[in-house]
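Shown next: coords07.txt, given as compact mmCIF, C-alpha atoms.
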```
# COMPACT_ATOMS: atom_id res chain seq x y z
CA MET F 13 15.84 -38.04 -17.01
CA ASP F 14 18.93 -35.99 -16.11
CA ASN F 15 19.91 -37.01 -12.56
CA ARG F 16 23.45 -35.73 -12.75
CA LEU F 17 24.66 -34.21 -9.50
CA ASP F 18 27.30 -31.99 -11.13
CA ALA F 19 24.72 -29.46 -12.28
CA VAL F 20 25.14 -26.32 -10.18
CA VAL F 21 23.87 -22.78 -9.86
CA HIS F 22 25.98 -20.56 -12.08
CA GLY F 23 24.13 -17.29 -11.48
CA ILE F 24 21.33 -15.69 -9.48
CA HIS F 25 19.61 -12.59 -10.84
CA ILE F 26 17.18 -10.24 -9.14
CA HIS F 27 15.08 -7.67 -10.97
CA PRO F 28 13.54 -5.42 -8.29
CA VAL F 29 11.40 -3.45 -10.78
CA LYS F 30 9.55 -5.38 -13.46
CA SER F 31 11.11 -4.83 -16.93
CA VAL F 32 13.94 -2.72 -15.48
CA GLY F 33 17.54 -3.90 -15.33
CA GLY F 34 18.48 -5.85 -12.23
CA TYR F 35 21.63 -7.18 -10.65
CA ASP F 36 23.56 -10.39 -9.97
CA THR F 37 24.02 -11.80 -6.50
CA THR F 38 25.73 -14.81 -4.96
CA ARG F 39 22.82 -15.72 -2.67
CA ALA F 40 19.10 -15.04 -2.43
CA ALA F 41 16.28 -16.04 -0.13
CA VAL F 42 13.44 -17.98 -1.74
CA GLU F 43 10.00 -16.80 -0.65
CA PRO F 44 6.72 -18.49 -1.67
CA TRP F 45 6.19 -15.87 -4.41
CA GLY F 46 9.78 -15.70 -5.72
CA LEU F 47 13.25 -14.52 -4.78
CA ALA F 48 13.32 -11.91 -2.03
CA GLY F 49 13.21 -8.49 -3.63
CA ASP F 50 12.48 -9.75 -7.13
CA ARG F 51 9.81 -7.93 -9.14
CA ARG F 52 8.11 -6.33 -6.14
CA TRP F 53 7.91 -2.99 -8.00
CA MET F 54 6.31 -2.15 -11.32
CA LEU F 55 5.53 0.84 -13.51
CA VAL F 56 1.96 1.67 -14.53
CA ASP F 57 0.44 4.33 -16.76
CA THR F 58 -2.24 6.82 -15.76
CA ASP F 59 -4.90 4.11 -16.11
CA GLY F 60 -3.00 1.76 -13.79
CA THR F 61 -1.94 -0.59 -16.59
CA ALA F 62 1.53 -2.14 -16.42
CA VAL F 63 4.27 -0.52 -18.49
CA THR F 64 7.01 -2.97 -19.55
CA GLN F 65 9.76 -3.38 -22.10
CA ARG F 66 7.14 -4.72 -24.47
CA GLU F 67 6.02 -1.14 -25.01
CA ARG F 68 9.11 0.69 -23.80
CA PRO F 69 12.37 -1.07 -24.73
CA ASP F 70 14.30 1.88 -23.27
CA LEU F 71 13.43 0.53 -19.82
CA ALA F 72 16.29 -1.91 -20.44
CA LEU F 73 18.77 0.95 -19.96
CA SER F 74 17.48 1.77 -16.49
CA SER F 75 18.33 -0.38 -13.48
CA ALA F 76 17.30 -0.99 -9.90
CA ALA F 77 19.04 -2.47 -6.88
CA THR F 78 17.43 -3.46 -3.60
CA LEU F 79 18.06 -1.52 -0.41
CA PRO F 80 17.78 -2.77 3.18
CA GLY F 81 14.13 -2.77 4.19
CA GLY F 82 12.78 -3.43 0.71
CA GLY F 83 13.49 -0.10 -0.97
CA VAL F 84 15.20 0.34 -4.32
CA ARG F 85 17.94 2.51 -5.78
CA LEU F 86 17.05 3.61 -9.31
CA SER F 87 19.58 4.47 -12.03
CA ALA F 88 19.14 5.54 -15.66
CA PRO F 89 21.05 7.46 -18.33
CA GLY F 90 20.78 11.21 -17.83
CA ARG F 91 19.09 10.90 -14.45
CA PRO F 92 20.57 11.19 -10.94
CA ASP F 93 20.23 8.04 -8.86
CA LEU F 94 17.16 7.97 -6.64
CA GLU F 95 16.50 5.93 -3.52
CA VAL F 96 12.87 4.94 -2.98
CA GLU F 97 11.56 3.49 0.27
CA PRO F 98 8.55 1.16 0.46
CA PRO F 99 5.36 3.19 0.88
CA GLN F 100 4.06 3.46 4.42
CA SER F 101 0.44 4.17 5.39
CA VAL F 102 -0.53 4.68 1.76
CA ALA F 103 -3.84 3.45 0.37
CA ALA F 104 -3.64 0.70 -2.24
CA VAL F 105 -4.81 1.49 -5.77
CA GLY F 106 -6.07 -0.66 -8.60
CA VAL F 107 -3.54 -1.87 -11.16
CA THR F 108 -3.80 -4.14 -14.19
CA LEU F 109 -1.23 -6.69 -15.34
CA PHE F 110 -2.00 -8.91 -18.35
CA GLY F 111 -5.68 -8.03 -18.06
CA LYS F 112 -5.93 -9.06 -14.40
CA LYS F 113 -6.85 -6.42 -11.83
CA PHE F 114 -5.58 -6.30 -8.26
CA LYS F 115 -4.31 -3.73 -5.77
CA ALA F 116 -0.84 -2.42 -5.00
CA VAL F 117 0.60 0.67 -3.30
CA PRO F 118 2.01 3.72 -5.11
CA ALA F 119 5.48 5.01 -4.29
CA ASP F 120 6.05 8.67 -3.50
CA ASP F 121 5.76 11.49 -6.02
CA ALA F 122 9.54 11.74 -6.43
CA ALA F 123 9.63 8.21 -7.83
CA HIS F 124 6.80 8.94 -10.26
CA ALA F 125 8.55 12.11 -11.42
CA TRP F 126 11.89 10.34 -11.83
CA PHE F 127 10.58 7.62 -14.14
CA SER F 128 8.24 10.01 -15.97
CA ALA F 129 11.15 12.29 -16.77
CA TYR F 130 13.24 9.38 -17.99
CA LEU F 131 10.52 7.91 -20.22
CA GLY F 132 9.02 11.22 -21.31
CA SER F 133 5.53 9.99 -20.39
CA ASP F 134 3.40 10.00 -17.26
CA VAL F 135 4.00 6.81 -15.26
CA ARG F 136 3.84 5.77 -11.62
CA LEU F 137 6.00 3.38 -9.63
CA ILE F 138 3.94 0.81 -7.73
CA HIS F 139 4.96 -1.51 -4.88
CA LEU F 140 3.43 -4.92 -4.21
CA ASP F 141 3.40 -4.67 -0.43
CA ASP F 142 1.57 -7.99 -0.03
CA PRO F 143 1.99 -10.69 -2.72
CA ALA F 144 -1.23 -12.30 -1.50
CA ARG F 145 -3.01 -9.50 -3.37
CA ARG F 146 -2.12 -11.12 -6.70
CA ARG F 147 -3.55 -14.63 -6.94
CA THR F 148 -2.99 -15.35 -10.61
CA ILE F 149 -1.25 -18.73 -10.63
CA ASN F 150 -3.38 -21.33 -12.39
CA PRO F 151 -4.94 -23.46 -9.59
CA LYS F 152 -3.92 -26.54 -11.60
CA TYR F 153 -0.32 -25.70 -10.68
CA ALA F 154 -0.96 -24.03 -7.34
CA PRO F 155 -3.24 -26.30 -5.30
CA ASN F 156 -2.23 -24.58 -2.09
CA GLY F 157 -3.18 -21.10 -3.31
CA GLU F 158 0.39 -20.00 -4.07
CA THR F 159 0.80 -16.40 -5.17
CA VAL F 160 3.31 -14.51 -7.27
CA SER F 161 4.99 -11.10 -7.29
CA PHE F 162 4.91 -8.86 -10.38
CA ALA F 163 6.59 -11.66 -12.38
CA ASP F 164 4.68 -12.59 -15.52
CA GLY F 165 2.91 -15.58 -14.01
CA TYR F 166 5.04 -17.82 -11.81
CA PRO F 167 7.46 -17.18 -8.94
CA LEU F 168 10.79 -18.09 -10.58
CA GLN F 169 12.29 -18.73 -13.97
CA ILE F 170 15.21 -21.15 -14.39
CA ALA F 171 17.45 -21.29 -17.46
CA THR F 172 20.56 -23.28 -18.33
CA ARG F 173 23.83 -22.19 -19.91
CA THR F 174 23.97 -25.31 -22.07
CA SER F 175 20.57 -24.58 -23.60
CA LEU F 176 21.67 -21.02 -24.34
CA ASP F 177 24.77 -22.40 -26.07
CA ALA F 178 22.54 -24.73 -28.09
CA LEU F 179 20.22 -21.88 -29.02
CA ASN F 180 23.12 -19.69 -30.08
CA ALA F 181 24.42 -22.53 -32.26
CA LEU F 182 21.03 -22.67 -33.98
CA ILE F 183 21.05 -18.90 -34.47
CA ALA F 184 24.52 -19.15 -36.07
CA GLN F 185 23.09 -21.63 -38.61
CA GLY F 186 20.19 -19.34 -39.52
CA ASP F 187 19.54 -16.51 -41.95
CA ARG F 188 21.06 -13.80 -39.77
CA PRO F 189 23.90 -15.27 -37.72
CA ASP F 190 25.13 -11.73 -37.07
CA GLU F 191 22.28 -11.30 -34.57
CA GLY F 192 23.93 -13.80 -32.22
CA PRO F 193 25.31 -14.99 -29.95
CA LEU F 194 22.84 -13.74 -27.39
CA PRO F 195 23.66 -13.22 -23.71
CA MET F 196 21.55 -14.75 -20.96
CA ASN F 197 20.20 -11.36 -19.89
CA ARG F 198 17.90 -11.36 -22.93
CA PHE F 199 15.79 -13.88 -21.00
CA ARG F 200 15.90 -12.23 -17.56
CA PRO F 201 15.95 -15.51 -15.57
CA ASN F 202 16.21 -15.75 -11.79
CA VAL F 203 18.47 -18.80 -11.65
CA VAL F 204 20.99 -19.98 -14.25
CA LEU F 205 22.26 -23.55 -14.03
CA ASP F 206 25.39 -25.07 -15.53
CA GLY F 207 26.30 -28.73 -16.04
CA THR F 208 23.05 -30.06 -17.52
CA GLU F 209 22.53 -31.47 -20.99
CA PRO F 210 21.08 -28.98 -23.50
CA TRP F 211 17.29 -28.79 -23.20
CA ALA F 212 17.29 -31.26 -20.29
CA GLU F 213 14.88 -28.92 -18.50
CA ASP F 214 12.13 -30.03 -20.92
CA THR F 215 11.93 -33.33 -19.00
CA TRP F 216 11.91 -32.03 -15.43
CA SER F 217 8.86 -32.16 -13.14
CA ARG F 218 10.54 -31.49 -9.78
CA VAL F 219 14.04 -30.34 -8.93
CA SER F 220 15.98 -29.40 -5.83
CA ILE F 221 18.56 -26.66 -5.70
CA GLY F 222 20.50 -26.57 -2.47
CA GLU F 223 17.94 -26.64 0.33
CA VAL F 224 14.91 -25.68 -1.78
CA SER F 225 12.75 -27.92 -3.96
CA PHE F 226 10.65 -26.66 -6.86
CA ARG F 227 7.75 -27.88 -8.95
CA VAL F 228 8.48 -27.31 -12.63
CA VAL F 229 5.28 -25.92 -14.09
CA LYS F 230 5.97 -25.56 -17.82
CA PRO F 231 8.37 -24.16 -20.41
CA CYS F 232 8.68 -20.39 -20.41
CA GLY F 233 7.05 -18.92 -23.52
CA ARG F 234 9.14 -16.01 -24.78
CA CYS F 235 7.94 -12.58 -25.89
CA VAL F 236 9.33 -9.59 -27.79
CA ILE F 237 11.40 -8.49 -24.77
CA THR F 238 13.91 -11.22 -25.65
CA THR F 239 14.62 -9.42 -28.94
CA THR F 240 15.70 -6.30 -27.05
CA ASP F 241 19.43 -5.76 -26.54
CA GLN F 242 19.59 -5.02 -22.83
CA ALA F 243 22.69 -2.85 -23.31
CA THR F 244 21.37 -0.67 -26.16
CA ALA F 245 17.55 -1.10 -26.12
CA GLU F 246 17.70 -1.91 -29.86
CA ARG F 247 15.49 -4.68 -31.21
CA GLY F 248 16.18 -7.44 -33.71
CA LYS F 249 14.53 -10.69 -34.76
CA GLU F 250 16.39 -13.10 -32.50
CA PRO F 251 15.80 -15.26 -30.58
CA LEU F 252 12.14 -15.44 -31.54
CA ARG F 253 12.88 -16.29 -35.18
CA THR F 254 15.03 -19.27 -34.23
CA LEU F 255 12.79 -20.36 -31.34
CA ALA F 256 9.84 -20.40 -33.77
CA ARG F 257 11.76 -22.79 -36.02
CA HIS F 258 13.26 -25.08 -33.42
CA ARG F 259 11.66 -24.57 -29.98
CA ARG F 260 7.91 -24.34 -30.49
CA ILE F 261 6.29 -26.28 -27.65
CA GLY F 262 2.52 -26.07 -28.02
CA SER F 263 1.84 -22.40 -28.65
CA ALA F 264 4.99 -21.26 -26.81
CA LEU F 265 8.36 -20.28 -28.22
CA ALA F 266 10.15 -21.90 -25.34
CA PHE F 267 13.34 -21.17 -23.47
CA GLY F 268 13.81 -21.95 -19.78
CA VAL F 269 11.22 -23.23 -17.34
CA LEU F 270 8.84 -21.68 -14.83
CA VAL F 271 8.84 -23.09 -11.31
CA ILE F 272 7.02 -22.81 -7.98
CA PRO F 273 8.98 -23.29 -4.73
CA GLU F 274 7.79 -26.07 -2.44
CA ASN F 275 9.57 -24.61 0.59
CA THR F 276 11.53 -21.54 1.56
CA GLY F 277 15.28 -21.36 2.01
CA THR F 278 18.35 -19.70 0.54
CA LEU F 279 19.97 -20.31 -2.84
CA HIS F 280 23.69 -19.84 -3.37
CA VAL F 281 25.88 -19.74 -6.44
CA GLY F 282 27.51 -23.17 -6.51
CA ASP F 283 24.53 -25.01 -5.00
CA ALA F 284 23.96 -28.45 -6.52
CA MET F 285 20.85 -29.09 -8.57
CA LYS F 286 19.19 -32.50 -8.54
CA VAL F 287 16.31 -33.73 -10.67
CA LEU F 288 13.69 -35.30 -8.37
CA ALA F 289 11.11 -36.27 -11.01
```
How does this structure look as structure tokens?
Amino acid sequence: MDNRLDAVVHGIHIHPVKSVGGYDTTRAAVEPWGLAGDRRWMLVDTDGTAVTQRERPDLALSSAATLPGGGVRLSAPGRPDLEVEPPQSVAAVGVTLFGKKFKAVPADDAAHAWFSAYLGSDVRLIHLDDPARRRTINPKYAPNGETVSFADGYPLQIATRTSLDALNALIAQGDRPDEGPLPMNRFRPNVVLDGTEPWAEDTWSRVSIGEVSFRVVKPCGRCVITTTDQATAERGKEPLRTLARHRRIGSALAFGVLVIPENTGTLHVGDAMKVLA
């Protein structure tokens, strides 16, 4: 077990709109369902089904930043920036994410038009006004009924710089070393740690970071989004090819870990990480 106290937070990343580019910050509040402002917005098609980089890699070229009060500022190539406020007094509508149905609130028509013009298809921007609407965490890992935002399944994802270095070394030894090294943004984590041993996160059950403790649920299984260059929206084979050869844990091609906060608090770049179990 890695109990070193010199492991620290290297980076904190918030993605206000699911599958859209986010931003780095030096501090972030931890809420029961994730970092404040993280993945509280999502795009859906005309049927209310989530639209992500899985289907639309060009979403990588757009970005969103949080505004005071929970709104977002949207940016994308060829589009003027747009500020969107959280919907007020708007009826919730049905949406579907990974086959699960729940309710969320649509943004205004200007936001729908902005993203539809950028993608060239009819989409709507949806806000999760109340994370309690989405109770999808496996009760095995959430005995207290914990909920999650529009993140794939768990409130936060943690990755380590040393494991990325180890992965990039494996890619360099493979059939197409020209596809590496990969930057951390391929994996879209919330918290990046430095100072651990490579793959040490495989052994963690509980950790503390600064004033917040977390239950480590499981390794994060990676999808095709990780093969998308977040600067160009072009796709390759890595890291999934190398993860399939070297990091298959059960059915998952694993990188990073998924965690559930045990209390609220604030994370800062430079906070110490300690393995509790």
TODO: Fewer than 6 positions away in the same chain doesn't count, so skip those; otherwise give me all residues within 12 Å of Gly90 of chain F, counting only C-alpha atoms, as a PyMOL selection string.
DONE: chain F and resi 73-74+126-127+129-131
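The list of residues within 10 Å of (9.5, -12.9, -25.6), counted using only C-alpha atoms, is Arg66, Arg198, Phe199, Cys232, Gly233, Arg234, Cys235, Val236, Ile237, Thr238, Thr239, Thr240, Glu250, Pro251, Leu252, Leu255, Ala264, Leu265, Ala266 and Phe267 of chain F.
In this comparison, which uses all atoms listed in the file, the residue of F:Lys152, F:Leu109, F:Ile183, F:Lys115 approaching Gly165 of chain F most closely is F:Leu109.
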TODO: Within 10 Å of segment 269-280 of chain F, counting only C-alpha atoms, which residues show up once you throw out same-chain ones fewer than 6 positions away? Write them as an NGL selection string, please.
DONE: :F and (20-24 or 37-48 or 149 or 153-154 or 158-160 or 165-172 or 201-203 or 213-214 or 216-233)
- [ ] One decimal, Å: what's the distance from atom CA of Pro118 of chain F over to atom CA of Val29 of chain F, could you say?
- [x] 13.1 Å
12 Å contact set for Asp190 of chain F, only C-alpha atoms, chain neighbours under 3 positions out, as a short mmCIF file (atom, residue, chain, number, x, y, z; two decimals) with C-alpha atoms, keeping the file's coordinate frame:
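New file out34.cif:
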```cif
data_model
loop_
_atom_site.label_atom_id
_atom_site.label_comp_id
_atom_site.auth_asym_id
_atom_site.auth_seq_id
_atom_site.Cartn_x
_atom_site.Cartn_y
_atom_site.Cartn_z
CA ASN F 180 23.12 -19.69 -30.08
CA ALA F 181 24.42 -22.53 -32.26
CA ILE F 183 21.05 -18.90 -34.47
CA ALA F 184 24.52 -19.15 -36.07
CA GLN F 185 23.09 -21.63 -38.61
CA GLY F 186 20.19 -19.34 -39.52
CA ASP F 187 19.54 -16.51 -41.95
CA PRO F 193 25.31 -14.99 -29.95
CA LEU F 194 22.84 -13.74 -27.39
CA GLY F 248 16.18 -7.44 -33.71
CA LYS F 249 14.53 -10.69 -34.76
CA GLU F 250 16.39 -13.10 -32.50
CA PRO F 251 15.80 -15.26 -30.58
#
```
Excluding segment 77-87 of chain F and its own-chain neighbours fewer than 5 positions away, which residues fall within 12 Å of it when counting all atoms listed in the file? Please give them as a PDB file with C-alpha atoms, keeping the file's coordinate frame.
```pdb
ATOM      1  CA  HIS F  25      19.610 -12.590 -10.840  1.00  0.00           C
ATOM      2  CA  ILE F  26      17.180 -10.240  -9.140  1.00  0.00           C
ATOM      3  CA  HIS F  27      15.080  -7.670 -10.970  1.00  0.00           C
ATOM      4  CA  PRO F  28      13.540  -5.420  -8.290  1.00  0.00           C
ATOM      5  CA  VAL F  29      11.400  -3.450 -10.780  1.00  0.00           C
ATOM      6  CA  LYS F  30       9.550  -5.380 -13.460  1.00  0.00           C
ATOM      7  CA  VAL F  32      13.940  -2.720 -15.480  1.00  0.00           C
ATOM      8  CA  GLY F  33      17.540  -3.900 -15.330  1.00  0.00           C
ATOM      9  CA  GLY F  34      18.480  -5.850 -12.230  1.00  0.00           C
ATOM     10  CA  TYR F  35      21.630  -7.180 -10.650  1.00  0.00           C
ATOM     11  CA  ASP F  36      23.560 -10.390  -9.970  1.00  0.00           C
ATOM     12  CA  THR F  37      24.020 -11.800  -6.500  1.00  0.00           C
ATOM     13  CA  ALA F  40      19.100 -15.040  -2.430  1.00  0.00           C
ATOM     14  CA  LEU F  47      13.250 -14.520  -4.780  1.00  0.00           C
ATOM     15  CA  ALA F  48      13.320 -11.910  -2.030  1.00  0.00           C
ATOM     16  CA  GLY F  49      13.210  -8.490  -3.630  1.00  0.00           C
ATOM     17  CA  ASP F  50      12.480  -9.750  -7.130  1.00  0.00           C
ATOM     18  CA  ARG F  51       9.810  -7.930  -9.140  1.00  0.00           C
ATOM     19  CA  ARG F  52       8.110  -6.330  -6.140  1.00  0.00           C
ATOM     20  CA  TRP F  53       7.910  -2.990  -8.000  1.00  0.00           C
ATOM     21  CA  MET F  54       6.310  -2.150 -11.320  1.00  0.00           C
ATOM     22  CA  LEU F  71      13.430   0.530 -19.820  1.00  0.00           C
ATOM     23  CA  ALA F  72      16.290  -1.910 -20.440  1.00  0.00           C
ATOM     24  CA  PRO F  92      20.570  11.190 -10.940  1.00  0.00           C
ATOM     25  CA  ASP F  93      20.230   8.040  -8.860  1.00  0.00           C
ATOM     26  CA  LEU F  94      17.160   7.970  -6.640  1.00  0.00           C
ATOM     27  CA  GLU F  95      16.500   5.930  -3.520  1.00  0.00           C
ATOM     28  CA  VAL F  96      12.870   4.940  -2.980  1.00  0.00           C
ATOM     29  CA  GLU F  97      11.560   3.490   0.270  1.00  0.00           C
ATOM     30  CA  PRO F  98       8.550   1.160   0.460  1.00  0.00           C
ATOM     31  CA  PRO F  99       5.360   3.190   0.880  1.00  0.00           C
ATOM     32  CA  GLN F 100       4.060   3.460   4.420  1.00  0.00           C
ATOM     33  CA  ALA F 119       5.480   5.010  -4.290  1.00  0.00           C
ATOM     34  CA  ASP F 120       6.050   8.670  -3.500  1.00  0.00           C
ATOM     35  CA  ALA F 122       9.540  11.740  -6.430  1.00  0.00           C
ATOM     36  CA  ALA F 123       9.630   8.210  -7.830  1.00  0.00           C
ATOM     37  CA  HIS F 124       6.800   8.940 -10.260  1.00  0.00           C
ATOM     38  CA  TRP F 126      11.890  10.340 -11.830  1.00  0.00           C
ATOM     39  CA  PHE F 127      10.580   7.620 -14.140  1.00  0.00           C
ATOM     40  CA  TYR F 130      13.240   9.380 -17.990  1.00  0.00           C
ATOM     41  CA  LEU F 137       6.000   3.380  -9.630  1.00  0.00           C
ATOM     42  CA  ILE F 138       3.940   0.810  -7.730  1.00  0.00           C
ATOM     43  CA  HIS F 139       4.960  -1.510  -4.880  1.00  0.00           C
ATOM     44  CA  LEU F 140       3.430  -4.920  -4.210  1.00  0.00           C
ATOM     45  CA  ASP F 141       3.400  -4.670  -0.430  1.00  0.00           C
TER      46      ASP F 141
END
```
- [ ] Quote the spacing between atom CA of Val117 of chain F and atom CA of Val63 of chain F in Å to one decimal place.
- [x] 15.7 Å
Taking (26.5, -29.6, -6.4) in the file's coordinates as the center, which residues reach within 8 Å of it, counting only C-alpha atoms, put as an mmCIF file with C-alpha atoms, keeping the file's coordinate frame?
```cif
data_model
loop_
_atom_site.group_PDB
_atom_site.id
_atom_site.type_symbol
_atom_site.label_atom_id
_atom_site.label_comp_id
_atom_site.auth_asym_id
_atom_site.auth_seq_id
_atom_site.Cartn_x
_atom_site.Cartn_y
_atom_site.Cartn_z
ATOM 1 C CA LEU F 17 24.660 -34.210 -9.500
ATOM 2 C CA ASP F 18 27.300 -31.990 -11.130
ATOM 3 C CA ALA F 19 24.720 -29.460 -12.280
ATOM 4 C CA VAL F 20 25.140 -26.320 -10.180
ATOM 5 C CA GLY F 222 20.500 -26.570 -2.470
ATOM 6 C CA GLY F 282 27.510 -23.170 -6.510
ATOM 7 C CA ASP F 283 24.530 -25.010 -5.000
ATOM 8 C CA ALA F 284 23.960 -28.450 -6.520
ATOM 9 C CA MET F 285 20.850 -29.090 -8.570
#
```
- [ ] Give the answer as one residue: which of F:Val281, F:Val135, F:Ala243, F:Val105 has the shortest atom-to-atom distance to Val204 of chain F, using only C-alpha atoms?
- [x] F:Val281
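The coordinates place atom CA of Arg247 of chain F at 19.0 Å from atom CA of Ala88 of chain F.
Each of F:Ala245, F:Ala62, F:Ala125, F:Ala76 was checked against Gly106 of chain F using all atoms listed in the file; the smallest atom-to-atom distance is that of F:Ala62.
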Write out all heavy atoms for segment 249-256 of chain F, as an mmCIF file, in the frame of the given file.
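Written file, out-v1.cif:
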```cif
data_model
loop_
_atom_site.group_PDB
_atom_site.id
_atom_site.type_symbol
_atom_site.label_atom_id
_atom_site.label_comp_id
_atom_site.auth_asym_id
_atom_site.auth_seq_id
_atom_site.Cartn_x
_atom_site.Cartn_y
_atom_site.Cartn_z
ATOM 1 N N LYS F 249 15.468 -9.586 -34.544
ATOM 2 C CA LYS F 249 14.530 -10.690 -34.760
ATOM 3 C C LYS F 249 14.794 -11.880 -33.839
ATOM 4 O O LYS F 249 13.926 -12.728 -33.645
ATOM 5 C CB LYS F 249 14.601 -11.159 -36.213
ATOM 6 C CG LYS F 249 14.213 -10.111 -37.236
ATOM 7 C CD LYS F 249 12.759 -9.732 -37.125
ATOM 8 C CE LYS F 249 12.358 -8.770 -38.239
ATOM 9 N NZ LYS F 249 10.930 -8.366 -38.138
ATOM 10 N N GLU F 250 16.021 -11.951 -33.329
ATOM 11 C CA GLU F 250 16.390 -13.100 -32.500
ATOM 12 C C GLU F 250 16.200 -12.799 -31.016
ATOM 13 O O GLU F 250 16.335 -11.655 -30.603
ATOM 14 C CB GLU F 250 17.843 -13.499 -32.774
ATOM 15 C CG GLU F 250 18.107 -13.976 -34.178
ATOM 16 C CD GLU F 250 17.419 -15.303 -34.523
ATOM 17 O OE1 GLU F 250 16.735 -15.880 -33.659
ATOM 18 O OE2 GLU F 250 17.564 -15.732 -35.674
ATOM 19 N N PRO F 251 15.838 -13.826 -30.246
ATOM 20 C CA PRO F 251 15.800 -15.260 -30.580
ATOM 21 C C PRO F 251 14.472 -15.783 -31.086
ATOM 22 O O PRO F 251 14.352 -16.980 -31.345
ATOM 23 C CB PRO F 251 16.119 -15.906 -29.234
ATOM 24 C CG PRO F 251 15.393 -15.018 -28.260
ATOM 25 C CD PRO F 251 15.604 -13.617 -28.787
ATOM 26 N N LEU F 252 13.474 -14.921 -31.226
ATOM 27 C CA LEU F 252 12.140 -15.440 -31.540
ATOM 28 C C LEU F 252 12.107 -16.142 -32.890
ATOM 29 O O LEU F 252 11.399 -17.154 -33.042
ATOM 30 C CB LEU F 252 11.117 -14.298 -31.505
ATOM 31 C CG LEU F 252 10.867 -13.665 -30.130
ATOM 32 C CD1 LEU F 252 9.741 -12.652 -30.209
ATOM 33 C CD2 LEU F 252 10.578 -14.721 -29.071
ATOM 34 N N ARG F 253 12.873 -15.641 -33.869
ATOM 35 C CA ARG F 253 12.880 -16.290 -35.180
ATOM 36 C C ARG F 253 13.380 -17.734 -35.063
ATOM 37 O O ARG F 253 12.769 -18.668 -35.606
ATOM 38 C CB ARG F 253 13.753 -15.489 -36.146
ATOM 39 C CG ARG F 253 13.912 -16.136 -37.508
ATOM 40 C CD ARG F 253 14.503 -15.176 -38.514
ATOM 41 N NE ARG F 253 15.687 -14.504 -37.986
ATOM 42 C CZ ARG F 253 16.227 -13.418 -38.544
ATOM 43 N NH1 ARG F 253 15.655 -12.876 -39.604
ATOM 44 N NH2 ARG F 253 17.309 -12.864 -38.038
ATOM 45 N N THR F 254 14.476 -17.931 -34.356
ATOM 46 C CA THR F 254 15.030 -19.270 -34.230
ATOM 47 C C THR F 254 14.190 -20.146 -33.298
ATOM 48 O O THR F 254 14.000 -21.344 -33.553
ATOM 49 C CB THR F 254 16.481 -19.188 -33.725
ATOM 50 O OG1 THR F 254 17.266 -18.511 -34.711
ATOM 51 C CG2 THR F 254 17.068 -20.565 -33.475
ATOM 52 N N LEU F 255 13.666 -19.575 -32.216
ATOM 53 C CA LEU F 255 12.790 -20.360 -31.340
ATOM 54 C C LEU F 255 11.552 -20.833 -32.104
ATOM 55 O O LEU F 255 11.079 -21.959 -31.896
ATOM 56 C CB LEU F 255 12.373 -19.520 -30.132
ATOM 57 C CG LEU F 255 13.463 -19.201 -29.110
ATOM 58 C CD1 LEU F 255 12.914 -18.276 -28.032
ATOM 59 C CD2 LEU F 255 14.030 -20.479 -28.480
ATOM 60 N N ALA F 256 11.024 -20.008 -33.000
ATOM 61 C CA ALA F 256 9.840 -20.400 -33.770
ATOM 62 C C ALA F 256 10.149 -21.591 -34.685
ATOM 63 O O ALA F 256 9.271 -22.425 -34.944
ATOM 64 C CB ALA F 256 9.352 -19.221 -34.600
#
```
